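Input: a single structure, listed below in structure tokens.
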Amino acid sequence: MIDTKLIDTAWCELYKSVIEYKGQPVGTVAARDPGIDILNYDHCFVRDFAVSALAFLMRGDTEIVRNFLTIMVELQGKVKYMNCFMVGKGLMPASFRVVKTDGIAQLEADFGEKSIARVSPVDSGLWWLIVLRAYVRATGDTTLIKQPEFQQAIKLTLELFLEPHFDMRPTLLVTDGAYMIDRRMGVYGYPFDIQSLLFAALSAARELLIEDGYYYRSITERLTHLSVHLQNYYWLDFDRLNTIYRYNVEGYGSQVINAFNIQPSTIKPALIDWLPAKGGYFAGNVGPGRMDFRYFAQGNLLAIVSSLATQDQSHKIMALIEQRWNDLIGQMPVKLCFPALEGNDWEIVTGADPKNSAWSYHNGGNWPFLLWLFAAAAQKSGHPTLAMRALESAAERLADECWPEYFDGHYGQLVGKEARRFQSWSVAGFLAAYQLLEQPSQLNLIEFGFQLN
Ligand code: GLC
């Protein structure tokens, strides 16, 4: 049982993080830690606010979400320029803040051009679609999405994501650090976290379009190809691992089984010992000559919620988590990815990034904001007790330590080396998880049944 006083404290903290613009609530700052250099943590990050938005919607506080959704439409790039320094058509910012110039409040957006390492916000438009769909589900109000500006914003987002680029496959090619993991971590190319997010966002967009014309058909087609591709090439359980272990290489042509020319020798013996007979998960990345065997929580949990994973796969992912609880949930839920990169791998893949040293931050650190997604996945796959166990084990420590951004250590024992306190999505992730478990019907805001027609 979680003390309701703790829940009240958490709400109090979340409301303290609210940003206002023209007298209206429009978002939440990333963190309110007075002890650490603020950098851009006074911004409202789109992916962070997505978690706050879910917590607010479940509570019935819909105004802030509506205002945020509207601001995103205003900030989205609208024009196609042949100029790399202009905001791309359809792109939404990573974050924004409210600044005062000559006493007048203005929105200042960051599309990655000012961010550390200049990373691109590939995920923003995808989260916007998911939040918009959750807003409609929570309020039953379709007047917002019927506005021409909203329909146009949905279509611009779709054009950006569905447009063919250099490769002929349904997955999305992305640059380094283009989403929640916004640093070099080997998550360039075709990281599963983004493919899973794309799948959920396209599913959301299908429900948001008011006509089922060209855009609707394009989404439907892409969803089908995307799921077949991810099921075929990313899914890993013991049988699949054995197939890959016996792969032939250097095949040419459309019928080749080892399409990406994966070298079986890249399977580490530790994985063979670690993968339980009854578990499974989607691998971190698949691309030319490369299979990243790491487990990433966000993509896998979202795959359950969005029904990208079949029922059988969902059970296998949950079985893996249950059997490898110390590794994947640990003392502070939820482990972001497993295992951590160490030694030479760490040096080459992260660029010797000390913030991402082994079992810290993105490199095997534990992130409480993921609690909402774990609760949703557990609820959807019929394992709510697992989520309750995680939430109960986290609650007091999270509040006592003032809602840190992340935890370090193989089992998430330590407050992260550079973790900010009063991190909004740590609070919101906890509150959304709590509400999902208290009122299972809230799952309706974010779950998808995959019925193509
Ligand atoms: C860090 C995280 C990123 C998050 C941001 C604000 O940069 O890596 O995912 O959006 O902080 O909390």
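So you can find residues: chains in the structure tokens are A, B, ... in the order shown, residues in each start at 1, and ligands are numbered from 1 in order.
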
Within 7 Å of ligand 1, which residues of chain A show up? Give each one with its shortest atom-to-atom distance in Å (one decimal) and the two atoms involved, counting only C-alpha atoms and all ligand atoms, rows by chain then rising residue number, as a Markdown table.
| residue | atom | partner | partner_atom_place_in_ligand_line | distance |
| --- | --- | --- | --- | --- |
| A:Ala30 | CA | ligand 1 | 12 (O) | 4.7 |
| A:Ala31 | CA | ligand 1 | 12 (O) | 6.9 |
| A:Tyr41 | CA | ligand 1 | 6 (C) | 6.0 |
| A:Phe45 | CA | ligand 1 | 10 (O) | 5.7 |
| A:Arg47 | CA | ligand 1 | 10 (O) | 5.9 |
| A:Asp48 | CA | ligand 1 | 10 (O) | 5.5 |
| A:Tyr179 | CA | ligand 1 | 9 (O) | 6.5 |
| A:Met180 | CA | ligand 1 | 9 (O) | 3.5 |
| A:Ile181 | CA | ligand 1 | 8 (O) | 5.0 |
| A:Asp182 | CA | ligand 1 | 8 (O) | 5.0 |

Point to revise | Contacts of Asn356 of chain A within 12 Å, only C-alpha atoms, excl. fewer than 6 positions in-chain, as a PyMOL selection string | key: chain A and resi 181-186+337+340-343+345-347+349-350+362-365+406+408-409+416-418

Pull N, CA, C and O atoms from the residues just selected and write them as a compact mmCIF listing (two decimals), in the first residue's frame.
# COMPACT_ATOMS: atom_id res chain seq x y z
N ILE A 181 17.28 8.96 -25.16
CA ILE A 181 18.72 8.77 -25.01
C ILE A 181 19.37 9.77 -25.96
O ILE A 181 19.58 9.49 -27.14
N ASP A 182 19.64 10.97 -25.42
CA ASP A 182 20.08 12.05 -26.30
C ASP A 182 21.60 12.26 -26.26
O ASP A 182 22.09 13.38 -26.29
N ARG A 183 22.32 11.15 -26.15
CA ARG A 183 23.77 11.17 -26.22
C ARG A 183 24.23 9.96 -27.02
O ARG A 183 23.45 9.04 -27.25
N ARG A 184 25.49 9.95 -27.40
CA ARG A 184 26.01 8.79 -28.13
C ARG A 184 25.91 7.54 -27.28
O ARG A 184 26.48 7.46 -26.20
N MET A 185 25.15 6.59 -27.74
CA MET A 185 25.00 5.33 -27.00
C MET A 185 24.81 4.18 -27.98
O MET A 185 24.27 3.14 -27.64
N GLY A 186 25.19 4.42 -29.24
CA GLY A 186 24.96 3.39 -30.26
C GLY A 186 23.50 3.33 -30.67
O GLY A 186 23.05 2.32 -31.20
N CYS A 337 18.50 0.44 -20.02
CA CYS A 337 18.96 -0.57 -20.98
C CYS A 337 19.90 -1.54 -20.29
O CYS A 337 20.49 -1.21 -19.26
N ALA A 340 25.09 -2.74 -19.53
CA ALA A 340 25.81 -1.49 -19.79
C ALA A 340 27.01 -1.77 -20.70
O ALA A 340 27.52 -2.88 -20.75
N LEU A 341 27.42 -0.74 -21.40
CA LEU A 341 28.65 -0.84 -22.21
C LEU A 341 29.83 -0.60 -21.28
O LEU A 341 29.83 0.36 -20.52
N GLU A 342 30.83 -1.48 -21.39
CA GLU A 342 31.99 -1.33 -20.51
C GLU A 342 33.27 -1.33 -21.33
O GLU A 342 33.27 -1.76 -22.50
N GLY A 343 34.35 -0.89 -20.72
CA GLY A 343 35.68 -0.98 -21.33
C GLY A 343 35.75 -0.35 -22.71
O GLY A 343 35.31 0.78 -22.93
N ASP A 345 34.14 -1.08 -25.42
CA ASP A 345 32.82 -0.78 -26.01
C ASP A 345 32.36 0.61 -25.57
O ASP A 345 31.88 1.41 -26.35
N TRP A 346 32.50 0.86 -24.26
CA TRP A 346 32.09 2.16 -23.72
C TRP A 346 32.89 3.29 -24.38
O TRP A 346 32.32 4.31 -24.80
N GLU A 347 34.19 3.07 -24.51
CA GLU A 347 35.05 4.11 -25.06
C GLU A 347 34.65 4.45 -26.50
O GLU A 347 34.51 5.61 -26.87
N VAL A 349 31.83 3.38 -28.33
CA VAL A 349 30.42 3.67 -28.64
C VAL A 349 29.96 5.01 -28.05
O VAL A 349 29.28 5.80 -28.71
N THR A 350 30.34 5.29 -26.80
CA THR A 350 29.85 6.55 -26.18
C THR A 350 30.79 7.72 -26.43
O THR A 350 30.46 8.85 -26.08
N HIS A 362 22.32 7.03 -19.02
CA HIS A 362 21.68 6.22 -20.06
C HIS A 362 22.31 4.84 -20.20
O HIS A 362 21.69 3.93 -20.75
N ASN A 363 23.54 4.71 -19.74
CA ASN A 363 24.28 3.47 -19.96
C ASN A 363 24.03 2.47 -18.83
O ASN A 363 24.93 2.16 -18.05
N GLY A 364 22.79 2.02 -18.74
CA GLY A 364 22.46 1.04 -17.70
C GLY A 364 22.03 1.67 -16.40
O GLY A 364 22.03 1.03 -15.35
N GLY A 365 21.65 2.96 -16.44
CA GLY A 365 21.10 3.60 -15.25
C GLY A 365 19.62 3.27 -15.11
O GLY A 365 19.02 2.66 -16.02
N TYR A 406 17.57 10.11 -12.15
CA TYR A 406 17.95 8.73 -12.45
C TYR A 406 18.79 8.17 -11.30
O TYR A 406 19.24 8.92 -10.43
N ASP A 408 21.99 5.17 -10.29
CA ASP A 408 23.14 4.47 -10.85
C ASP A 408 23.36 3.13 -10.13
O ASP A 408 22.77 2.88 -9.07
N GLY A 409 24.28 2.35 -10.70
CA GLY A 409 24.62 1.06 -10.09
C GLY A 409 23.92 -0.06 -10.83
O GLY A 409 22.86 0.16 -11.44
N GLY A 416 21.75 8.93 -8.92
CA GLY A 416 22.67 9.18 -10.05
C GLY A 416 23.69 10.28 -9.74
O GLY A 416 23.37 11.25 -9.08
N LYS A 417 24.89 10.05 -10.29
CA LYS A 417 26.00 10.96 -10.00
C LYS A 417 25.64 12.42 -10.28
O LYS A 417 25.90 13.29 -9.50
N GLU A 418 25.03 12.66 -11.43
CA GLU A 418 24.68 14.05 -11.77
C GLU A 418 23.17 14.23 -11.84
O GLU A 418 22.68 15.13 -12.53

Practice item. One decimal, Å: what's the distance from atom CA of Met318 of chain A over to atom CA of Arg246 of chain A, could you say? Key: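 Atom CA of Met318 of chain A sits 26.9 Å away from atom CA of Arg246 of chain A.
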
Review point. Could you state the separation of atom CA of Gln423 of chain A and atom CA of Ser307 of chain A in Å, given to one decimal place?
Key: 29.6 Å

Review point. From the list A:Ile130, A:Ala153, A:Val119, A:Ile321, which residue is nearest Thr70 of chain A when using only C-alpha atoms?
Key: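 So, comparing all the options, the nearest one is A:Ala153.
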
Exercise for review: Find the spatial neighbours of segment 8-24 of chain A, counting only C-alpha atoms, within a cut-off of 12 Å - ignore same-chain residues fewer than 6 positions away - and output them as a ChimeraX atom specification.
Suggested key: /A:2,30-33,41-45,48-49,51-53,55-56,59,61,63-68,70-71,96-100,103-108,395-396,398-400,402-403,421-432,434-435

Practice item. Excluding Leu445 of chain A and residues on its chain fewer than 4 positions from it, collect all residues at most 7 Å away from it, counting only C-alpha atoms, and give them as a count of residues only. Key: 3

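The space between atom CA of Leu172 of chain A and atom CA of Pro191 of chain A spans 8.6 Å.
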
Point to revise | Spatial neighbours of Gln151 of chain A, 12 Å, only C-alpha atoms, chain gap at least 3 places, as a ChimeraX atom specification | key: /A:70,73,129,132,142-148,154-158,205-211,215
